[in-house]
file structure-v6.pdb (PDB, C-alpha atoms)
ATOM      1  CA  MET U 209       0.000   0.000   0.000  1.00  0.00           C
ATOM      2  CA  GLN U 210       2.987   2.319   0.256  1.00  0.00           C
ATOM      3  CA  GLN U 211       3.857   2.456  -3.451  1.00  0.00           C
ATOM      4  CA  LYS U 212       4.093   6.155  -4.282  1.00  0.00           C
ATOM      5  CA  TYR U 213       3.999   6.156  -8.089  1.00  0.00           C
ATOM      6  CA  PHE U 214       1.829   4.330 -10.609  1.00  0.00           C
ATOM      7  CA  ASN U 215       1.678   4.558 -14.389  1.00  0.00           C
ATOM      8  CA  ARG U 216      -0.654   2.104 -16.051  1.00  0.00           C
ATOM      9  CA  PHE U 217      -3.833   1.643 -18.065  1.00  0.00           C
ATOM     10  CA  GLU U 218      -7.165   1.279 -16.274  1.00  0.00           C
ATOM     11  CA  ILE U 219     -10.429   0.170 -17.886  1.00  0.00           C
ATOM     12  CA  LYS U 220     -13.755   0.093 -16.009  1.00  0.00           C
ATOM     13  CA  TYR U 221     -16.805  -2.141 -16.347  1.00  0.00           C
ATOM     14  CA  GLN U 222     -20.092  -2.325 -14.438  1.00  0.00           C
ATOM     15  CA  LEU U 223     -21.242  -5.818 -13.490  1.00  0.00           C
ATOM     16  CA  SER U 224     -24.190  -7.363 -11.733  1.00  0.00           C
ATOM     17  CA  MET U 225     -23.277  -9.354  -8.635  1.00  0.00           C
ATOM     18  CA  ILE U 226     -23.977 -12.569 -10.554  1.00  0.00           C
ATOM     19  CA  GLN U 227     -21.548 -11.450 -13.281  1.00  0.00           C
ATOM     20  CA  GLN U 228     -18.959 -10.521 -10.671  1.00  0.00           C
ATOM     21  CA  ASN U 229     -19.141 -13.940  -9.027  1.00  0.00           C
ATOM     22  CA  ASN U 230     -18.866 -15.666 -12.424  1.00  0.00           C
ATOM     23  CA  VAL U 231     -15.829 -13.585 -13.368  1.00  0.00           C
ATOM     24  CA  ILE U 232     -14.102 -14.243 -10.030  1.00  0.00           C
ATOM     25  CA  ARG U 233     -14.607 -17.947 -10.489  1.00  0.00           C
ATOM     26  CA  GLN U 234     -13.174 -17.805 -14.021  1.00  0.00           C
ATOM     27  CA  ILE U 235     -10.062 -15.751 -13.147  1.00  0.00           C
ATOM     28  CA  GLN U 236      -8.990 -17.840 -10.165  1.00  0.00           C
ATOM     29  CA  PRO U 237      -6.773 -20.236 -12.200  1.00  0.00           C
ATOM     30  CA  PHE U 238      -4.766 -17.185 -13.335  1.00  0.00           C
ATOM     31  CA  MET U 239      -5.063 -14.738 -10.409  1.00  0.00           C
ATOM     32  CA  LYS U 240      -4.954 -14.699  -6.617  1.00  0.00           C
ATOM     33  CA  LEU U 241      -6.388 -12.412  -3.989  1.00  0.00           C
ATOM     34  CA  ASP U 242      -4.054  -9.495  -3.286  1.00  0.00           C
ATOM     35  CA  THR U 243      -1.743 -10.207  -0.364  1.00  0.00           C
ATOM     36  CA  HIS U 244      -2.799  -6.914   1.286  1.00  0.00           C
ATOM     37  CA  VAL U 245      -6.239  -8.406   1.987  1.00  0.00           C
ATOM     38  CA  THR U 246      -6.310  -9.715   5.546  1.00  0.00           C
ATOM     39  CA  ASN U 247      -9.953 -10.799   5.923  1.00  0.00           C
ATOM     40  CA  ASN U 248      -9.940 -13.116   2.878  1.00  0.00           C
ATOM     41  CA  HIS U 249     -12.364 -10.897   1.002  1.00  0.00           C
ATOM     42  CA  HIS U 250     -11.871  -7.122   0.694  1.00  0.00           C
ATOM     43  CA  TYR U 251     -10.525  -3.922   2.193  1.00  0.00           C
ATOM     44  CA  GLU U 252     -12.164  -0.509   2.482  1.00  0.00           C
ATOM     45  CA  VAL U 253     -11.092   2.606   0.571  1.00  0.00           C
ATOM     46  CA  ARG U 254     -12.078   6.132   1.658  1.00  0.00           C
ATOM     47  CA  SER U 255     -11.177   9.254  -0.332  1.00  0.00           C
ATOM     48  CA  VAL U 256     -11.755  12.991   0.047  1.00  0.00           C
ATOM     49  CA  TYR U 257     -11.893  14.627  -3.392  1.00  0.00           C
ATOM     50  CA  PHE U 258     -11.031  18.267  -4.001  1.00  0.00           C
ATOM     51  CA  ASP U 259     -12.346  20.587  -6.700  1.00  0.00           C
ATOM     52  CA  SER U 260     -12.381  24.272  -7.573  1.00  0.00           C
ATOM     53  CA  PRO U 261     -15.324  26.559  -6.670  1.00  0.00           C
ATOM     54  CA  PHE U 262     -16.481  26.231 -10.304  1.00  0.00           C
ATOM     55  CA  LYS U 263     -16.063  22.408 -10.296  1.00  0.00           C
ATOM     56  CA  LYS U 264     -13.207  22.317 -12.797  1.00  0.00           C
ATOM     57  CA  SER U 265     -12.381  18.615 -12.297  1.00  0.00           C
ATOM     58  CA  PHE U 266     -16.040  17.599 -12.411  1.00  0.00           C
ATOM     59  CA  PHE U 267     -16.781  19.394 -15.673  1.00  0.00           C
ATOM     60  CA  GLU U 268     -13.559  18.210 -17.308  1.00  0.00           C
ATOM     61  CA  LYS U 269     -14.783  14.655 -16.739  1.00  0.00           C
ATOM     62  CA  THR U 270     -18.404  15.211 -17.757  1.00  0.00           C
ATOM     63  CA  ASN U 271     -17.343  17.215 -20.850  1.00  0.00           C
ATOM     64  CA  GLY U 272     -15.052  14.417 -21.990  1.00  0.00           C
ATOM     65  CA  ILE U 273     -11.726  16.228 -21.630  1.00  0.00           C
ATOM     66  CA  LYS U 274      -9.123  13.525 -22.320  1.00  0.00           C
ATOM     67  CA  THR U 275      -6.276  14.882 -20.187  1.00  0.00           C
ATOM     68  CA  ARG U 276      -7.174  15.849 -16.635  1.00  0.00           C
ATOM     69  CA  ILE U 277      -5.929  15.789 -13.053  1.00  0.00           C
ATOM     70  CA  LYS U 278      -7.592  15.343  -9.642  1.00  0.00           C
ATOM     71  CA  LEU U 279      -6.431  15.933  -6.079  1.00  0.00           C
ATOM     72  CA  ARG U 280      -7.580  13.640  -3.283  1.00  0.00           C
ATOM     73  CA  ILE U 281      -6.659  12.329   0.150  1.00  0.00           C
ATOM     74  CA  ARG U 282      -6.914   8.528   0.291  1.00  0.00           C
ATOM     75  CA  PHE U 283      -7.245   6.451   3.469  1.00  0.00           C
ATOM     76  CA  TYR U 284      -7.068   2.663   3.899  1.00  0.00           C
ATOM     77  CA  PRO U 285      -8.597   2.076   7.362  1.00  0.00           C
ATOM     78  CA  ASP U 286      -7.902  -1.665   7.311  1.00  0.00           C
ATOM     79  CA  PHE U 287      -4.131  -1.134   7.130  1.00  0.00           C
ATOM     80  CA  GLN U 288      -3.576   1.163  10.090  1.00  0.00           C
ATOM     81  CA  ASN U 289      -1.452   0.602  13.171  1.00  0.00           C
ATOM     82  CA  GLY U 290      -2.685   2.114  16.411  1.00  0.00           C
ATOM     83  CA  ASP U 291      -2.044   5.848  16.706  1.00  0.00           C
ATOM     84  CA  ASP U 292       0.297   6.004  13.689  1.00  0.00           C
ATOM     85  CA  GLU U 293      -2.435   6.455  11.107  1.00  0.00           C
ATOM     86  CA  LEU U 294      -1.297   7.477   7.621  1.00  0.00           C
ATOM     87  CA  VAL U 295      -3.006   8.709   4.465  1.00  0.00           C
ATOM     88  CA  PHE U 296      -1.911   9.469   0.919  1.00  0.00           C
ATOM     89  CA  ILE U 297      -2.220  12.910  -0.617  1.00  0.00           C
ATOM     90  CA  GLU U 298      -2.566  11.997  -4.291  1.00  0.00           C
ATOM     91  CA  LEU U 299      -2.548  13.580  -7.701  1.00  0.00           C
ATOM     92  CA  LYS U 300      -4.310  11.338 -10.198  1.00  0.00           C
ATOM     93  CA  LYS U 301      -3.540  12.225 -13.808  1.00  0.00           C
ATOM     94  CA  LYS U 302      -5.479  10.695 -16.663  1.00  0.00           C
ATOM     95  CA  ASN U 303      -4.986  10.714 -20.429  1.00  0.00           C
ATOM     96  CA  ASN U 304      -7.724   8.529 -21.928  1.00  0.00           C
ATOM     97  CA  GLU U 305      -7.184   5.125 -20.237  1.00  0.00           C
ATOM     98  CA  ASN U 306      -3.594   5.884 -19.228  1.00  0.00           C
ATOM     99  CA  VAL U 307      -3.421   6.720 -15.519  1.00  0.00           C
ATOM    100  CA  SER U 308      -0.531   7.962 -13.410  1.00  0.00           C
ATOM    101  CA  LYS U 309      -0.607   8.627  -9.674  1.00  0.00           C
ATOM    102  CA  ASN U 310       1.885  10.598  -7.618  1.00  0.00           C
ATOM    103  CA  ARG U 311       1.319  10.485  -3.896  1.00  0.00           C
ATOM    104  CA  VAL U 312       2.840  11.487  -0.592  1.00  0.00           C
ATOM    105  CA  LEU U 313       2.350   9.457   2.597  1.00  0.00           C
ATOM    106  CA  VAL U 314       1.547  11.780   5.515  1.00  0.00           C
ATOM    107  CA  PRO U 315       0.190  11.521   9.092  1.00  0.00           C
ATOM    108  CA  PHE U 316      -3.612  11.275   9.153  1.00  0.00           C
ATOM    109  CA  ASN U 317      -4.086  14.183  11.564  1.00  0.00           C
ATOM    110  CA  ASP U 318      -1.917  16.553   9.509  1.00  0.00           C
ATOM    111  CA  ALA U 319      -3.176  15.769   6.000  1.00  0.00           C
ATOM    112  CA  PHE U 320      -5.461  18.790   5.580  1.00  0.00           C
ATOM    113  CA  LYS U 321      -2.723  21.038   6.990  1.00  0.00           C
ATOM    114  CA  ILE U 322       0.064  19.630   4.799  1.00  0.00           C
ATOM    115  CA  ILE U 323      -2.059  20.124   1.684  1.00  0.00           C
ATOM    116  CA  ASP U 324      -1.788  23.887   2.329  1.00  0.00           C
ATOM    117  CA  ASN U 325       1.837  25.052   2.152  1.00  0.00           C
ATOM    118  CA  THR U 326       1.207  28.099   4.371  1.00  0.00           C
ATOM    119  CA  THR U 327       0.850  26.019   7.547  1.00  0.00           C
ATOM    120  CA  PRO U 328       3.700  25.188   9.965  1.00  0.00           C
ATOM    121  CA  GLU U 329       2.847  21.476   9.581  1.00  0.00           C
ATOM    122  CA  ALA U 330       3.361  21.688   5.809  1.00  0.00           C
ATOM    123  CA  GLN U 331       6.668  23.500   6.105  1.00  0.00           C
ATOM    124  CA  ASN U 332       7.969  21.105   8.744  1.00  0.00           C
ATOM    125  CA  PHE U 333       6.968  18.065   6.691  1.00  0.00           C
ATOM    126  CA  TYR U 334       8.601  19.547   3.565  1.00  0.00           C
ATOM    127  CA  GLU U 335      11.898  20.172   5.329  1.00  0.00           C
ATOM    128  CA  ASN U 336      12.186  16.501   6.280  1.00  0.00           C
ATOM    129  CA  ALA U 337      10.703  15.045   3.071  1.00  0.00           C
ATOM    130  CA  SER U 338      12.531  13.037   0.413  1.00  0.00           C
ATOM    131  CA  LYS U 339      13.428  14.658  -2.898  1.00  0.00           C
ATOM    132  CA  GLU U 340      10.602  12.723  -4.597  1.00  0.00           C
ATOM    133  CA  ASP U 341       8.044  13.872  -2.009  1.00  0.00           C
ATOM    134  CA  LYS U 342       9.188  17.482  -2.362  1.00  0.00           C
ATOM    135  CA  VAL U 343       8.603  17.366  -6.122  1.00  0.00           C
ATOM    136  CA  ASN U 344       5.112  15.951  -5.579  1.00  0.00           C
ATOM    137  CA  LEU U 345       4.301  18.469  -2.836  1.00  0.00           C
ATOM    138  CA  ASP U 346       5.383  21.364  -5.062  1.00  0.00           C
ATOM    139  CA  GLU U 347       2.897  20.229  -7.720  1.00  0.00           C
ATOM    140  CA  ILE U 348       0.139  19.576  -5.144  1.00  0.00           C
ATOM    141  CA  TRP U 349       0.609  23.034  -3.634  1.00  0.00           C
ATOM    142  CA  TYR U 350       0.654  24.723  -7.029  1.00  0.00           C
ATOM    143  CA  LEU U 351      -2.668  23.159  -8.069  1.00  0.00           C
ATOM    144  CA  TYR U 352      -4.207  23.688  -4.634  1.00  0.00           C
ATOM    145  CA  LYS U 353      -3.494  27.438  -4.807  1.00  0.00           C
ATOM    146  CA  ARG U 354      -3.952  27.909  -8.564  1.00  0.00           C
ATOM    147  CA  TYR U 355      -7.518  26.583  -8.564  1.00  0.00           C
ATOM    148  CA  SER U 356      -8.513  27.363  -4.945  1.00  0.00           C
ATOM    149  CA  LEU U 357      -9.195  23.691  -4.376  1.00  0.00           C
ATOM    150  CA  GLN U 358     -11.438  22.626  -1.528  1.00  0.00           C
ATOM    151  CA  PRO U 359     -12.953  19.309  -0.365  1.00  0.00           C
ATOM    152  CA  VAL U 360     -16.242  18.571  -2.132  1.00  0.00           C
ATOM    153  CA  CYS U 361     -17.102  14.950  -1.370  1.00  0.00           C
ATOM    154  CA  VAL U 362     -16.031  11.715   0.296  1.00  0.00           C
ATOM    155  CA  VAL U 363     -16.281   8.452  -1.651  1.00  0.00           C
ATOM    156  CA  CYS U 364     -16.146   5.125   0.234  1.00  0.00           C
ATOM    157  CA  TYR U 365     -16.268   1.569  -1.083  1.00  0.00           C
ATOM    158  CA  ASP U 366     -15.187  -2.028  -0.478  1.00  0.00           C
ATOM    159  CA  ARG U 367     -12.488  -3.338  -2.807  1.00  0.00           C
ATOM    160  CA  GLN U 368     -11.832  -6.983  -3.644  1.00  0.00           C
ATOM    161  CA  PRO U 369      -8.482  -7.021  -5.506  1.00  0.00           C
ATOM    162  CA  TYR U 370      -6.848  -9.776  -7.539  1.00  0.00           C
ATOM    163  CA  MET U 371      -3.315  -9.938  -8.916  1.00  0.00           C
ATOM    164  CA  ASP U 372      -1.591 -12.042 -11.546  1.00  0.00           C
ATOM    165  CA  ARG U 373      -0.225 -15.260 -10.051  1.00  0.00           C
ATOM    166  CA  LEU U 374       3.056 -14.918 -11.971  1.00  0.00           C
ATOM    167  CA  GLU U 375       3.876 -11.211 -11.657  1.00  0.00           C
ATOM    168  CA  ASN U 376       2.083  -8.183 -10.260  1.00  0.00           C
ATOM    169  CA  ARG U 377       1.668  -6.377 -13.596  1.00  0.00           C
ATOM    170  CA  PHE U 378      -1.949  -7.287 -14.210  1.00  0.00           C
ATOM    171  CA  ARG U 379      -4.690  -6.599 -11.671  1.00  0.00           C
ATOM    172  CA  ILE U 380      -8.468  -6.838 -11.522  1.00  0.00           C
ATOM    173  CA  THR U 381     -10.411  -5.116  -8.751  1.00  0.00           C
ATOM    174  CA  PHE U 382     -14.102  -5.260  -7.824  1.00  0.00           C
ATOM    175  CA  ASP U 383     -15.565  -2.253  -5.968  1.00  0.00           C
ATOM    176  CA  THR U 384     -18.940  -2.569  -4.234  1.00  0.00           C
ATOM    177  CA  ASN U 385     -21.063  -0.518  -1.820  1.00  0.00           C
ATOM    178  CA  VAL U 386     -19.814   2.670  -3.474  1.00  0.00           C
ATOM    179  CA  ARG U 387     -21.175   5.565  -1.416  1.00  0.00           C
ATOM    180  CA  VAL U 388     -20.730   9.333  -1.380  1.00  0.00           C
ATOM    181  CA  ARG U 389     -21.324  12.171   1.066  1.00  0.00           C
ATOM    182  CA  TYR U 390     -20.915  15.951   0.718  1.00  0.00           C
ATOM    183  CA  PHE U 391     -20.310  16.850   4.365  1.00  0.00           C
ATOM    184  CA  ASN U 392     -18.067  15.763   7.254  1.00  0.00           C
ATOM    185  CA  PHE U 393     -14.744  15.188   5.490  1.00  0.00           C
ATOM    186  CA  ASP U 394     -13.296  13.220   8.431  1.00  0.00           C
ATOM    187  CA  LEU U 395     -12.050   9.948   6.897  1.00  0.00           C
ATOM    188  CA  HIS U 396     -12.539   8.138  10.204  1.00  0.00           C
ATOM    189  CA  VAL U 397     -16.211   8.130   9.152  1.00  0.00           C
ATOM    190  CA  GLY U 398     -16.833   5.521   6.475  1.00  0.00           C
ATOM    191  CA  ASN U 399     -20.500   5.751   5.601  1.00  0.00           C
ATOM    192  CA  GLY U 400     -22.005   7.792   2.780  1.00  0.00           C
ATOM    193  CA  SER U 401     -25.432   9.368   2.455  1.00  0.00           C
ATOM    194  CA  LYS U 402     -26.012   8.197  -1.145  1.00  0.00           C
ATOM    195  CA  TYR U 403     -25.022   5.251  -3.310  1.00  0.00           C
ATOM    196  CA  VAL U 404     -22.993   6.260  -6.376  1.00  0.00           C
ATOM    197  CA  VAL U 405     -24.227   3.144  -8.196  1.00  0.00           C
ATOM    198  CA  SER U 406     -26.796   0.572  -7.151  1.00  0.00           C
ATOM    199  CA  PRO U 407     -25.654  -1.629  -4.242  1.00  0.00           C
ATOM    200  CA  ASN U 408     -26.290  -4.543  -6.617  1.00  0.00           C
ATOM    201  CA  VAL U 409     -23.614  -3.258  -9.025  1.00  0.00           C
ATOM    202  CA  SER U 410     -19.899  -4.031  -8.907  1.00  0.00           C
ATOM    203  CA  ILE U 411     -17.397  -1.734 -10.618  1.00  0.00           C
ATOM    204  CA  MET U 412     -14.688  -3.911 -12.129  1.00  0.00           C
ATOM    205  CA  GLU U 413     -11.371  -2.326 -13.105  1.00  0.00           C
ATOM    206  CA  ILE U 414      -8.747  -4.021 -15.241  1.00  0.00           C
ATOM    207  CA  LYS U 415      -5.286  -2.522 -14.622  1.00  0.00           C
ATOM    208  CA  PHE U 416      -2.251  -3.303 -16.745  1.00  0.00           C
ATOM    209  CA  ASN U 417       1.086  -1.858 -17.816  1.00  0.00           C
ATOM    210  CA  SER U 418       1.244  -2.811 -21.494  1.00  0.00           C
ATOM    211  CA  PHE U 419      -1.331  -5.439 -22.515  1.00  0.00           C
ATOM    212  CA  ILE U 420      -4.298  -7.493 -21.312  1.00  0.00           C
ATOM    213  CA  PRO U 421      -3.479 -11.228 -21.207  1.00  0.00           C
ATOM    214  CA  HIS U 422      -5.164 -13.323 -23.883  1.00  0.00           C
ATOM    215  CA  TRP U 423      -7.077 -15.383 -21.322  1.00  0.00           C
ATOM    216  CA  ALA U 424      -8.592 -12.179 -19.844  1.00  0.00           C
ATOM    217  CA  VAL U 425      -9.673 -10.916 -23.288  1.00  0.00           C
ATOM    218  CA  LYS U 426     -11.378 -14.261 -23.930  1.00  0.00           C
ATOM    219  CA  MET U 427     -13.041 -14.088 -20.495  1.00  0.00           C
ATOM    220  CA  LEU U 428     -14.519 -10.640 -21.289  1.00  0.00           C
ATOM    221  CA  GLN U 429     -15.762 -11.841 -24.675  1.00  0.00           C
ATOM    222  CA  ARG U 430     -17.215 -15.057 -23.270  1.00  0.00           C
ATOM    223  CA  ASN U 431     -19.219 -13.095 -20.678  1.00  0.00           C
ATOM    224  CA  ASN U 432     -20.183 -10.309 -23.102  1.00  0.00           C
ATOM    225  CA  ILE U 433     -18.677  -7.674 -20.788  1.00  0.00           C
ATOM    226  CA  LEU U 434     -18.289  -4.249 -22.402  1.00  0.00           C
ATOM    227  CA  GLN U 435     -16.323  -1.237 -21.196  1.00  0.00           C
ATOM    228  CA  GLN U 436     -18.356   1.426 -19.366  1.00  0.00           C
ATOM    229  CA  LYS U 437     -16.443   4.608 -18.617  1.00  0.00           C
ATOM    230  CA  MET U 438     -17.296   6.158 -15.268  1.00  0.00           C
ATOM    231  CA  SER U 439     -15.712   8.102 -12.437  1.00  0.00           C
ATOM    232  CA  LYS U 440     -16.726   7.446  -8.837  1.00  0.00           C
ATOM    233  CA  PHE U 441     -15.849  11.070  -8.053  1.00  0.00           C
ATOM    234  CA  ALA U 442     -17.814  12.623 -10.944  1.00  0.00           C
ATOM    235  CA  SER U 443     -20.782  10.255 -10.604  1.00  0.00           C
ATOM    236  CA  GLY U 444     -20.938  10.884  -6.871  1.00  0.00           C
ATOM    237  CA  LEU U 445     -20.685  14.651  -7.246  1.00  0.00           C
ATOM    238  CA  GLU U 446     -23.288  14.598  -9.999  1.00  0.00           C
ATOM    239  CA  ARG U 447     -25.763  13.015  -7.615  1.00  0.00           C
ATOM    240  CA  GLY U 448     -25.259  15.890  -5.230  1.00  0.00           C
ATOM    241  CA  ILE U 449     -25.704  18.497  -7.970  1.00  0.00           C
ATOM    242  CA  ILE U 450     -28.912  16.858  -9.173  1.00  0.00           C
ATOM    243  CA  LEU U 451     -30.275  16.628  -5.636  1.00  0.00           C
ATOM    244  CA  SER U 452     -29.518  20.308  -5.011  1.00  0.00           C
ATOM    245  CA  ILE U 453     -31.539  21.298  -8.094  1.00  0.00           C
ATOM    246  CA  VAL U 454     -34.691  19.208  -7.596  1.00  0.00           C
TER     247      VAL U 454
END
call {"tool": "encode", "arguments": {"input": "structure-v6.pdb", "output": "structure tokens"}}
result
Amino acid sequence: MQQKYFNRFEIKYQLSMIQQNNVIRQIQPFMKLDTHVTNNHHYEVRSVYFDSPFKKSFFEKTNGIKTRIKLRIRFYPDFQNGDDELVFIELKKKNNENVSKNRVLVPFNDAFKIIDNTTPEAQNFYENASKEDKVNLDEIWYLYKRYSLQPVCVVCYDRQPYMDRLENRFRITFDTNVRVRYFNFDLHVGNGSKYVVSPNVSIMEIKFNSFIPHWAVKMLQRNNILQQKMSKFASGLERGIILSIV
């Protein structure tokens, strides 16, 4: 969970729970449950997403802009140790299906202070940071100030992740119970006030560096599974915008 840089392709699909169970059964000869999973099923992911007052990130997604960037704080509550809770401050950059993530691991209690470079906590963290973290923080701070970013929603979900049995270059994840809320940005709170997608829907993501294995392509074709582009952040925020209008 402490990998700080990703660059890969990610493709999303929406499955019924029956489809999800069929797919899991069919991939098991080739994949295994991620070793980070400790309860033999899933782990929880909680993220605070930031956007500008005019919802720049939201409208870039809904208007189909191919190259875009989002700022978020991501928390994995199942992988914490006592009082030493940590979160990632992340920049997620997307160009079509190509995704890169740069992130900095920071103390949970200081995350919202470190994201603003005018605070003593941010300056102290920067002074002791690695060269790589300093580069990432400089970009985070630039975007935070340039677009007056502020927290707009929290997205929570359960993730069941699988990895290639031979090498960890091909992954498939299944996200369920995807919920969103537009208040209380404390990531210790895991519930959301609205479902982003139906609780009977699983969001499957295929993640790879260069190619999808032949067996996985055949599995998608055999189950008639088609790509469905979606963003948990944009879909969740859209629900809030619609509710505020009606």
call {"tool": "residues_around", "arguments": {"input": "structure-v6.pdb", "residues": "U:Glu335", "least_positions_apart": "5", "cutoff": "12 Å", "atoms": "all atoms listed in the file", "output": "list in words"}}
result
Ile322, Asn325, Pro328, Glu329, Ala330, Asp341, Lys342 and Leu345 of chain U
call {"tool": "residues_around", "arguments": {"input": "structure-v6.pdb", "residues": "stretch 385-387 of chain U", "least_positions_apart": "3", "cutoff": "10 Å", "atoms": "all atoms listed in the file", "output": "ChimeraX atom specification"}}
result
/U:252-254,362-367,398-411,440,444
call {"tool": "resolve_selection", "arguments": {"input": "structure-v6.pdb", "expression": "the PyMOL selection byres ((chain U and resi 347) around 12)", "output": "PDB file with C-alpha atoms, in the frame of the given file"}}
result
ATOM      1  CA  ILE U 277      -5.929  15.789 -13.053  1.00  0.00           C
ATOM      2  CA  LYS U 278      -7.592  15.343  -9.642  1.00  0.00           C
ATOM      3  CA  LEU U 279      -6.431  15.933  -6.079  1.00  0.00           C
ATOM      4  CA  ILE U 297      -2.220  12.910  -0.617  1.00  0.00           C
ATOM      5  CA  GLU U 298      -2.566  11.997  -4.291  1.00  0.00           C
ATOM      6  CA  LEU U 299      -2.548  13.580  -7.701  1.00  0.00           C
ATOM      7  CA  LYS U 300      -4.310  11.338 -10.198  1.00  0.00           C
ATOM      8  CA  LYS U 301      -3.540  12.225 -13.808  1.00  0.00           C
ATOM      9  CA  ASN U 310       1.885  10.598  -7.618  1.00  0.00           C
ATOM     10  CA  ARG U 311       1.319  10.485  -3.896  1.00  0.00           C
ATOM     11  CA  VAL U 312       2.840  11.487  -0.592  1.00  0.00           C
ATOM     12  CA  ILE U 323      -2.059  20.124   1.684  1.00  0.00           C
ATOM     13  CA  ASP U 324      -1.788  23.887   2.329  1.00  0.00           C
ATOM     14  CA  ASN U 325       1.837  25.052   2.152  1.00  0.00           C
ATOM     15  CA  GLU U 340      10.602  12.723  -4.597  1.00  0.00           C
ATOM     16  CA  ASP U 341       8.044  13.872  -2.009  1.00  0.00           C
ATOM     17  CA  LYS U 342       9.188  17.482  -2.362  1.00  0.00           C
ATOM     18  CA  VAL U 343       8.603  17.366  -6.122  1.00  0.00           C
ATOM     19  CA  ASN U 344       5.112  15.951  -5.579  1.00  0.00           C
ATOM     20  CA  LEU U 345       4.301  18.469  -2.836  1.00  0.00           C
ATOM     21  CA  ASP U 346       5.383  21.364  -5.062  1.00  0.00           C
ATOM     22  CA  ILE U 348       0.139  19.576  -5.144  1.00  0.00           C
ATOM     23  CA  TRP U 349       0.609  23.034  -3.634  1.00  0.00           C
ATOM     24  CA  TYR U 350       0.654  24.723  -7.029  1.00  0.00           C
ATOM     25  CA  LEU U 351      -2.668  23.159  -8.069  1.00  0.00           C
ATOM     26  CA  TYR U 352      -4.207  23.688  -4.634  1.00  0.00           C
ATOM     27  CA  LYS U 353      -3.494  27.438  -4.807  1.00  0.00           C
ATOM     28  CA  ARG U 354      -3.952  27.909  -8.564  1.00  0.00           C
TER      29      ARG U 354
END
call {"tool": "residues_around", "arguments": {"input": "structure-v6.pdb", "residues": "U:Leu241", "least_positions_apart": "2", "cutoff": "8 Å", "atoms": "all atoms listed in the file", "output": "list in words"}}
result
Met239, Thr243, Val245, Asn248, His249, Gln368, Pro369, Tyr370 and Met371 of chain U
call {"tool": "residues_around", "arguments": {"input": "structure-v6.pdb", "residues": "U:Gln234", "least_positions_apart": "5", "cutoff": "10 Å", "atoms": "only C-alpha atoms", "output": "number ranges by chain"}}
result
U: 228-229, 239, 423-424, 427
call {"tool": "write_last_selection", "arguments": {"input": "structure-v6.pdb", "atoms": "C-alpha atoms", "output": "mmCIF file, in the coordinates of the input"}}
result
data_model
loop_
_atom_site.group_PDB
_atom_site.id
_atom_site.type_symbol
_atom_site.label_atom_id
_atom_site.label_comp_id
_atom_site.auth_asym_id
_atom_site.auth_seq_id
_atom_site.Cartn_x
_atom_site.Cartn_y
_atom_site.Cartn_z
ATOM 1 C CA GLN U 228 -18.959 -10.521 -10.671
ATOM 2 C CA ASN U 229 -19.141 -13.940 -9.027
ATOM 3 C CA MET U 239 -5.063 -14.738 -10.409
ATOM 4 C CA TRP U 423 -7.077 -15.383 -21.322
ATOM 5 C CA ALA U 424 -8.592 -12.179 -19.844
ATOM 6 C CA MET U 427 -13.041 -14.088 -20.495
#
call {"tool": "atom_distance", "arguments": {"input": "structure-v6.pdb", "atom1": "atom CA of U:Ala319", "atom2": "atom CA of U:Phe441"}}
result
19.5 Å
call {"tool": "resolve_selection", "arguments": {"input": "structure-v6.pdb", "expression": "the PyMOL selection byres ((chain U and resi 307) around 6)", "output": "VMD selection string"}}
result
chain U and resid 215 to 217 301 to 302 306 308
call {"tool": "write_last_selection", "arguments": {"input": "structure-v6.pdb", "atoms": "C-alpha atoms", "output": "tab-separated table (two decimals), in the frame of the given file"}}
result
chain	number	residue	atom	x	y	z
U	215	ASN	CA	1.68	4.56	-14.39
U	216	ARG	CA	-0.65	2.10	-16.05
U	217	PHE	CA	-3.83	1.64	-18.07
U	301	LYS	CA	-3.54	12.22	-13.81
U	302	LYS	CA	-5.48	10.70	-16.66
U	306	ASN	CA	-3.59	5.88	-19.23
U	308	SER	CA	-0.53	7.96	-13.41
call {"tool": "atom_distance", "arguments": {"input": "structure-v6.pdb", "atom1": "atom CA of U:Lys437", "atom2": "atom CA of U:Arg280"}}
result
19.9 Å
